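A.B. asks: Mind looking over this structure? Questions follow.
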Amino acid sequence: MKKRIILSAVALMLALPAQAEMKKVTLMLDWFVNPNHGPVVIAQQLGYFKQQGLDVEIQEPTDPSMPAKLVAANNVDLAISYQPTLIMDVAAGLPLIRSATLIAAPLNTLTVLDNNKINKLSDLKGKKIGISIAGNEEATISTMLKTQGVNYEDVEIINVGWALSASLASGKVDAIWGGLRNFETNQLALEGIKAKSFFPEEHGVPPFDELVFVANADSYDKAAIQAFNKALEQATIHIINYPQESWKEFAAYAPDTLNNELNKLAWDDTLTRFALRPSAVDLKRYDNYANFMYSQKIISTLPKAQDYIPTF
(Lines give C-alpha, C1' and ligand atoms only; values in the text may rest on other atoms or scores of the structure.)
Protein backbone atom coordinates (compact mmCIF):
# COMPACT_ATOMS: atom_id res chain seq x y z
CA MET A 1 0.00 0.00 0.00
CA LYS A 2 2.81 2.39 0.95
CA LYS A 3 4.57 1.68 -2.33
CA ARG A 4 1.35 2.40 -4.27
CA ILE A 5 0.93 5.74 -2.47
CA ILE A 6 4.50 6.71 -3.28
CA LEU A 7 4.05 5.80 -6.96
CA SER A 8 0.81 7.80 -7.11
CA ALA A 9 2.56 10.81 -5.60
CA VAL A 10 5.38 10.53 -8.13
CA ALA A 11 2.85 10.29 -10.95
CA LEU A 12 1.11 13.41 -9.67
CA MET A 13 4.39 15.31 -9.46
CA LEU A 14 5.24 14.29 -13.01
CA ALA A 15 1.86 15.52 -14.20
CA LEU A 16 2.14 18.95 -12.60
CA PRO A 17 4.81 20.37 -14.97
CA ALA A 18 2.76 19.24 -17.97
CA GLN A 19 -0.24 21.15 -16.64
CA ALA A 20 1.90 24.22 -15.98
CA GLU A 21 3.12 24.17 -19.57
CA MET A 22 -0.38 24.43 -21.05
CA LYS A 23 -0.49 27.47 -23.31
CA LYS A 24 -3.65 29.59 -22.98
CA VAL A 25 -5.08 30.62 -26.36
CA THR A 26 -8.19 32.76 -26.81
CA LEU A 27 -10.15 32.17 -30.01
CA MET A 28 -12.94 34.51 -31.11
CA LEU A 29 -15.38 32.95 -33.57
CA ASP A 30 -16.89 34.93 -36.44
CA TRP A 31 -20.43 34.23 -35.21
CA PHE A 32 -22.27 31.94 -32.80
CA VAL A 33 -21.18 28.29 -32.86
CA ASN A 34 -22.49 26.48 -35.95
CA PRO A 35 -21.42 23.61 -38.23
CA ASN A 36 -18.90 25.87 -40.01
CA HIS A 37 -16.85 25.59 -36.82
CA GLY A 38 -16.86 21.78 -36.83
CA PRO A 39 -13.09 21.17 -36.60
CA VAL A 40 -12.70 23.73 -33.81
CA VAL A 41 -15.45 22.16 -31.73
CA ILE A 42 -14.27 18.59 -32.37
CA ALA A 43 -10.68 19.53 -31.46
CA GLN A 44 -12.05 20.90 -28.19
CA GLN A 45 -14.45 18.04 -27.51
CA LEU A 46 -11.95 15.24 -28.17
CA GLY A 47 -9.06 16.91 -26.40
CA TYR A 48 -6.86 17.45 -29.47
CA PHE A 49 -5.97 20.99 -28.38
CA LYS A 50 -4.92 19.75 -24.96
CA GLN A 51 -2.85 16.99 -26.53
CA GLN A 52 -0.91 19.79 -28.24
CA GLY A 53 -0.41 21.61 -24.94
CA LEU A 54 -3.08 24.23 -25.57
CA ASP A 55 -5.86 25.48 -23.34
CA VAL A 56 -8.17 27.02 -25.94
CA GLU A 57 -10.92 29.36 -24.80
CA ILE A 58 -13.61 29.62 -27.49
CA GLN A 59 -15.53 32.89 -27.47
CA GLU A 60 -18.54 34.06 -29.47
CA PRO A 61 -18.65 37.71 -30.58
CA THR A 62 -21.37 40.12 -29.55
CA ASP A 63 -20.59 42.04 -32.75
CA PRO A 64 -19.59 39.93 -35.80
CA SER A 65 -17.59 42.84 -37.23
CA MET A 66 -15.20 42.87 -34.25
CA PRO A 67 -13.22 39.57 -34.06
CA ALA A 68 -10.37 40.54 -36.40
CA LYS A 69 -10.19 44.02 -34.84
CA LEU A 70 -9.87 42.45 -31.40
CA VAL A 71 -6.91 40.41 -32.67
CA ALA A 72 -5.33 43.54 -34.14
CA ALA A 73 -5.71 45.20 -30.75
CA ASN A 74 -4.17 42.17 -28.97
CA ASN A 75 -7.37 41.50 -27.02
CA VAL A 76 -7.62 37.91 -28.30
CA ASP A 77 -4.97 35.61 -29.78
CA LEU A 78 -6.85 34.23 -32.77
CA ALA A 79 -10.09 34.97 -34.57
CA ILE A 80 -12.07 33.48 -37.42
CA SER A 81 -12.55 35.87 -40.31
CA TYR A 82 -13.11 35.73 -44.07
CA GLN A 83 -10.47 35.89 -46.78
CA PRO A 84 -12.05 38.97 -48.44
CA THR A 85 -12.33 40.69 -45.04
CA LEU A 86 -8.73 39.82 -44.19
CA ILE A 87 -7.52 41.36 -47.44
CA MET A 88 -9.54 44.53 -46.77
CA ASP A 89 -8.21 44.72 -43.21
CA VAL A 90 -4.59 44.27 -44.29
CA ALA A 91 -5.03 46.81 -47.09
CA ALA A 92 -6.35 49.23 -44.47
CA GLY A 93 -3.22 48.74 -42.38
CA LEU A 94 -4.43 46.42 -39.62
CA PRO A 95 -1.59 44.23 -38.27
CA LEU A 96 -3.05 40.85 -39.20
CA ILE A 97 -1.81 37.60 -40.70
CA ARG A 98 -3.62 34.52 -41.95
CA SER A 99 -2.60 31.58 -39.76
CA ALA A 100 -4.82 28.78 -41.13
CA THR A 101 -7.87 27.99 -43.22
CA LEU A 102 -11.11 26.57 -41.83
CA ILE A 103 -13.47 26.57 -44.84
CA ALA A 104 -11.51 26.30 -48.08
CA ALA A 105 -14.25 27.26 -50.57
CA PRO A 106 -16.85 30.02 -50.92
CA LEU A 107 -20.17 29.56 -49.13
CA ASN A 108 -21.97 32.75 -50.21
CA THR A 109 -24.48 32.44 -53.01
CA LEU A 110 -27.02 34.46 -54.96
CA THR A 111 -30.21 32.57 -54.15
CA VAL A 112 -33.67 32.69 -55.71
CA LEU A 113 -36.87 30.72 -55.32
CA ASP A 114 -37.06 27.67 -57.57
CA ASN A 115 -40.41 28.59 -59.14
CA ASN A 116 -39.41 29.02 -62.81
CA LYS A 117 -39.54 32.81 -62.55
CA ILE A 118 -35.76 33.30 -62.41
CA ASN A 119 -33.88 30.58 -64.25
CA LYS A 120 -30.74 32.51 -65.15
CA LEU A 121 -28.96 35.58 -63.88
CA SER A 122 -30.23 37.71 -66.75
CA ASP A 123 -33.77 37.20 -65.39
CA LEU A 124 -32.79 39.41 -62.43
CA LYS A 125 -32.86 42.55 -64.57
CA GLY A 126 -35.26 44.99 -62.93
CA LYS A 127 -35.56 42.80 -59.83
CA LYS A 128 -34.78 43.32 -56.12
CA ILE A 129 -31.79 41.68 -54.44
CA GLY A 130 -31.62 41.53 -50.66
CA ILE A 131 -28.32 41.76 -48.77
CA SER A 132 -27.55 41.51 -45.05
CA ILE A 133 -24.38 43.58 -44.67
CA ALA A 134 -23.15 46.32 -46.96
CA GLY A 135 -19.55 45.70 -48.01
CA ASN A 136 -18.14 44.17 -51.15
CA GLU A 137 -21.49 42.96 -52.46
CA GLU A 138 -21.48 45.51 -55.31
CA ALA A 139 -18.30 44.10 -56.82
CA THR A 140 -19.44 40.48 -56.48
CA ILE A 141 -23.04 40.92 -57.63
CA SER A 142 -21.94 43.26 -60.42
CA THR A 143 -19.36 40.76 -61.68
CA MET A 144 -21.86 37.91 -61.60
CA LEU A 145 -24.57 39.89 -63.43
CA LYS A 146 -22.17 41.11 -66.11
CA THR A 147 -21.52 37.51 -67.16
CA GLN A 148 -25.16 37.50 -68.26
CA GLY A 149 -25.20 41.02 -69.74
CA VAL A 150 -26.91 42.74 -66.81
CA ASN A 151 -25.55 45.91 -65.18
CA TYR A 152 -25.53 46.51 -61.44
CA GLU A 153 -27.71 49.57 -62.00
CA ASP A 154 -30.36 47.29 -63.52
CA VAL A 155 -31.20 45.75 -60.13
CA GLU A 156 -32.39 47.24 -56.84
CA ILE A 157 -30.31 46.41 -53.76
CA ILE A 158 -32.20 46.27 -50.45
CA ASN A 159 -30.56 45.79 -47.05
CA VAL A 160 -32.82 43.30 -45.26
CA GLY A 161 -30.58 42.79 -42.24
CA TRP A 162 -30.41 39.19 -41.07
CA ALA A 163 -33.83 38.32 -42.52
CA LEU A 164 -32.43 36.93 -45.77
CA SER A 165 -34.51 33.75 -46.00
CA ALA A 166 -37.68 35.43 -44.72
CA SER A 167 -37.33 38.27 -47.23
CA LEU A 168 -36.97 35.84 -50.11
CA ALA A 169 -39.78 33.57 -48.95
CA SER A 170 -42.20 36.49 -48.45
CA GLY A 171 -41.48 38.01 -51.86
CA LYS A 172 -40.03 41.21 -50.41
CA VAL A 173 -37.04 40.57 -52.66
CA ASP A 174 -36.54 38.39 -55.73
CA ALA A 175 -33.09 37.14 -54.74
CA ILE A 176 -30.73 37.27 -51.78
CA TRP A 177 -26.96 37.67 -51.70
CA GLY A 178 -25.01 36.42 -48.71
CA GLY A 179 -27.03 33.33 -47.92
CA LEU A 180 -24.75 30.38 -47.26
CA ARG A 181 -25.13 27.34 -49.49
CA ASN A 182 -25.06 25.06 -46.46
CA PHE A 183 -27.67 27.01 -44.45
CA GLU A 184 -30.21 29.21 -46.20
CA THR A 185 -31.27 26.65 -48.81
CA ASN A 186 -31.73 24.04 -46.09
CA GLN A 187 -33.61 26.52 -43.91
CA LEU A 188 -36.03 27.27 -46.73
CA ALA A 189 -36.41 23.57 -47.54
CA LEU A 190 -37.43 22.83 -43.95
CA GLU A 191 -40.17 25.43 -44.41
CA GLY A 192 -41.34 23.68 -47.58
CA ILE A 193 -39.81 26.27 -49.90
CA LYS A 194 -37.58 25.15 -52.75
CA ALA A 195 -34.70 27.44 -53.70
CA LYS A 196 -31.76 27.39 -56.07
CA SER A 197 -28.46 29.21 -56.08
CA PHE A 198 -26.01 30.86 -58.44
CA PHE A 199 -22.41 30.46 -57.32
CA PRO A 200 -19.99 33.41 -57.56
CA GLU A 201 -17.00 31.24 -58.49
CA GLU A 202 -18.95 30.03 -61.54
CA HIS A 203 -19.79 33.57 -62.65
CA GLY A 204 -16.59 35.55 -62.89
CA VAL A 205 -15.57 35.87 -59.22
CA PRO A 206 -12.23 34.29 -58.28
CA PRO A 207 -12.51 31.43 -55.75
CA PHE A 208 -11.54 32.22 -52.18
CA ASP A 209 -11.37 30.72 -48.69
CA GLU A 210 -14.63 31.42 -46.88
CA LEU A 211 -13.29 31.17 -43.33
CA VAL A 212 -9.71 31.72 -42.16
CA PHE A 213 -7.95 32.17 -38.84
CA VAL A 214 -6.16 35.45 -38.23
CA ALA A 215 -3.50 36.41 -35.70
CA ASN A 216 -1.71 39.63 -34.77
CA ALA A 217 1.16 40.24 -37.20
CA ASP A 218 3.35 41.81 -34.52
CA SER A 219 2.84 39.45 -31.61
CA TYR A 220 1.71 36.02 -32.84
CA ASP A 221 3.10 32.91 -31.16
CA LYS A 222 4.37 30.69 -33.98
CA ALA A 223 4.71 27.58 -31.80
CA ALA A 224 1.18 27.98 -30.44
CA ILE A 225 -0.22 28.44 -33.95
CA GLN A 226 1.61 25.35 -35.18
CA ALA A 227 0.17 23.35 -32.29
CA PHE A 228 -3.32 24.79 -32.93
CA ASN A 229 -3.13 23.90 -36.61
CA LYS A 230 -2.01 20.37 -35.87
CA ALA A 231 -4.99 19.84 -33.56
CA LEU A 232 -7.28 21.38 -36.17
CA GLU A 233 -5.99 19.02 -38.86
CA GLN A 234 -6.43 16.04 -36.56
CA ALA A 235 -10.02 17.08 -35.85
CA THR A 236 -10.78 17.55 -39.56
CA ILE A 237 -9.46 14.09 -40.38
CA HIS A 238 -11.62 12.65 -37.61
CA ILE A 239 -14.68 14.41 -39.06
CA ILE A 240 -13.99 13.09 -42.56
CA ASN A 241 -13.40 9.57 -41.29
CA TYR A 242 -16.37 9.50 -38.91
CA PRO A 243 -18.89 12.10 -40.13
CA GLN A 244 -21.97 10.86 -38.25
CA GLU A 245 -20.12 10.11 -35.03
CA SER A 246 -18.53 13.54 -35.30
CA TRP A 247 -21.95 15.12 -35.71
CA LYS A 248 -23.02 13.66 -32.36
CA GLU A 249 -19.80 14.89 -30.75
CA PHE A 250 -20.35 18.33 -32.26
CA ALA A 251 -24.01 18.54 -31.21
CA ALA A 252 -23.08 17.51 -27.66
CA TYR A 253 -20.99 20.69 -27.33
CA ALA A 254 -24.20 22.72 -26.88
CA PRO A 255 -27.15 20.36 -27.40
CA ASP A 256 -29.86 22.94 -26.69
CA THR A 257 -28.77 25.13 -29.61
CA LEU A 258 -26.88 22.79 -31.96
CA ASN A 259 -28.84 19.54 -31.96
CA ASN A 260 -31.54 20.35 -34.51
CA GLU A 261 -32.49 19.39 -38.04
CA LEU A 262 -31.15 22.56 -39.70
CA ASN A 263 -27.70 22.12 -38.18
CA LYS A 264 -27.70 18.43 -39.08
CA LEU A 265 -28.41 19.25 -42.74
CA ALA A 266 -25.82 22.02 -42.67
CA TRP A 267 -23.28 19.65 -41.12
CA ASP A 268 -23.68 17.19 -43.98
CA ASP A 269 -23.32 19.98 -46.56
CA THR A 270 -20.23 21.46 -44.91
CA LEU A 271 -18.09 18.31 -44.57
CA THR A 272 -16.51 18.57 -48.02
CA ARG A 273 -15.59 22.22 -47.50
CA PHE A 274 -13.37 21.92 -44.44
CA ALA A 275 -9.70 22.53 -45.18
CA LEU A 276 -7.97 19.14 -44.97
CA ARG A 277 -4.61 20.90 -44.58
CA PRO A 278 -5.38 24.01 -42.49
CA SER A 279 -1.80 25.32 -42.66
CA ALA A 280 -1.47 24.93 -46.43
CA VAL A 281 -2.06 27.99 -48.59
CA ASP A 282 -1.91 28.99 -52.26
CA LEU A 283 -0.42 32.48 -52.27
CA LYS A 284 -1.33 33.04 -55.93
CA ARG A 285 -4.99 32.31 -55.14
CA TYR A 286 -4.91 35.02 -52.46
CA ASP A 287 -3.20 37.46 -54.81
CA ASN A 288 -5.77 36.72 -57.52
CA TYR A 289 -8.60 37.64 -55.20
CA ALA A 290 -6.78 40.72 -53.94
CA ASN A 291 -6.30 41.84 -57.56
CA PHE A 292 -10.03 41.33 -58.13
CA MET A 293 -10.85 43.50 -55.12
CA TYR A 294 -8.37 46.15 -56.23
CA SER A 295 -9.77 46.21 -59.78
CA GLN A 296 -13.27 46.62 -58.33
CA LYS A 297 -12.05 49.49 -56.11
CA ILE A 298 -12.94 47.64 -52.90
CA ILE A 299 -9.40 48.29 -51.69
CA SER A 300 -7.18 51.23 -52.60
CA THR A 301 -3.86 49.52 -51.90
CA LEU A 302 -2.84 46.07 -53.09
CA PRO A 303 -1.31 43.84 -50.40
CA LYS A 304 0.87 40.90 -51.41
CA ALA A 305 -0.04 37.52 -49.93
CA GLN A 306 3.57 36.79 -49.00
CA ASP A 307 3.52 39.80 -46.66
CA TYR A 308 0.55 38.67 -44.53
CA ILE A 309 0.73 34.88 -44.86
CA PRO A 310 3.77 33.46 -43.07
CA THR A 311 4.75 29.82 -43.27
CA PHE A 312 3.64 27.60 -40.36
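Each chain of the C-alpha coordinates is named A, B, ... in the order shown, its residues numbered from 1; ligands are numbered from 1 in display order.
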Neighbours of Ser246 (chain A) within 10 Å (only C-alpha atoms; same-chain residues fewer than 2 positions away dropped), as a list in words?
C.D. replies: Gly38, Pro39, Val41, Ile42, Gln45, Leu46, Ala235, Thr236, His238, Ile239, Ile240, Asn241, Tyr242, Pro243, Gln244, Lys248, Glu249, Phe250, Ala251, Ala252 and Trp267 of chain A
A.B. asks: Just list as number ranges by chain whatever in region 79-282 of chain A DSSP marks as strand (DSSP E).
C.D. replies: A: 79-81, 96-103, 108-113, 128-131, 156-159, 175-180, 195-198, 211-216
A.B. asks: Rank nothing, just name the residue among A:Ser142, A:Asn34, A:Asn159, A:Asn260 nearest to Gly204 (chain A), using only C-alpha atoms.
C.D. replies: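 With only C-alpha atoms as the atom set, the closest residue is A:Ser142.
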A.B. asks: Between A:Ala92, A:Ile58, A:Met28, A:Met144, which one has atoms that come closest to Leu78 (chain A), using only C-alpha atoms?
C.D. replies: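 Comparing A:Ala92, A:Ile58, A:Met28, A:Met144 against Leu78 (chain A), the winner is A:Met28.
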A.B. asks: When distances are computed from only C-alpha atoms, which of A:Leu94, A:Val214, A:Met88, A:Ile157 shows the smallest separation from Val76 (chain A)?
C.D. replies: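 Looking at the shortest contact to Val76 (chain A), the residue is A:Val214.
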A.B. asks: With a distance cut-off of 7 Å and only C-alpha atoms, select the neighbouring residues of Asp30 (chain A), excluding the residue or stretch itself and same-chain residues fewer than 3 positions from it, and output the selection as a PDB file with N, CA, C and O atoms, in the first residue's frame.
C.D. replies:
```pdb
ATOM      1  N   PRO A  61     -18.627  36.239 -30.572  1.00  0.00           N
ATOM      2  CA  PRO A  61     -18.648  37.711 -30.580  1.00  0.00           C
ATOM      3  C   PRO A  61     -20.036  38.275 -30.330  1.00  0.00           C
ATOM      4  O   PRO A  61     -21.041  37.688 -30.735  1.00  0.00           O
ATOM      5  N   PRO A  64     -20.347  40.710 -34.815  1.00  0.00           N
ATOM      6  CA  PRO A  64     -19.593  39.925 -35.805  1.00  0.00           C
ATOM      7  C   PRO A  64     -18.541  40.718 -36.576  1.00  0.00           C
ATOM      8  O   PRO A  64     -17.680  40.123 -37.214  1.00  0.00           O
ATOM      9  N   PRO A  67     -14.276  40.548 -34.378  1.00  0.00           N
ATOM     10  CA  PRO A  67     -13.223  39.569 -34.062  1.00  0.00           C
ATOM     11  C   PRO A  67     -11.835  39.916 -34.578  1.00  0.00           C
ATOM     12  O   PRO A  67     -10.860  39.897 -33.805  1.00  0.00           O
ATOM     13  N   ILE A  80     -11.632  33.980 -36.117  1.00  0.00           N
ATOM     14  CA  ILE A  80     -12.069  33.484 -37.419  1.00  0.00           C
ATOM     15  C   ILE A  80     -12.610  34.663 -38.213  1.00  0.00           C
ATOM     16  O   ILE A  80     -13.438  35.432 -37.724  1.00  0.00           O
ATOM     17  N   SER A  81     -12.110  34.804 -39.434  1.00  0.00           N
ATOM     18  CA  SER A  81     -12.554  35.874 -40.310  1.00  0.00           C
ATOM     19  C   SER A  81     -12.780  35.282 -41.704  1.00  0.00           C
ATOM     20  O   SER A  81     -12.877  34.063 -41.855  1.00  0.00           O
TER      21      SER A  81
END
```
A.B. asks: CA of Val112 (chain A) to CA of Ser197 (chain A): how many Å, to one decimal?
C.D. replies: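 For CA of Val112 (chain A) relative to CA of Ser197 (chain A), the distance reads 6.3 Å.
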A.B. asks: As a ChimeraX atom specification, which residues of region 62-111 of chain A does DSSP assign to helix (DSSP H, G or I)?
C.D. replies: /A:67-72,83-91
A.B. asks: Do you know which residues are at most 9 Å from Gln148 (chain A) counting only C-alpha atoms, after dropping those on the same chain fewer than 2 positions away, and could you put them as a PyMOL selection string?
C.D. replies: chain A and resi 120-122+144-146+150-151+203
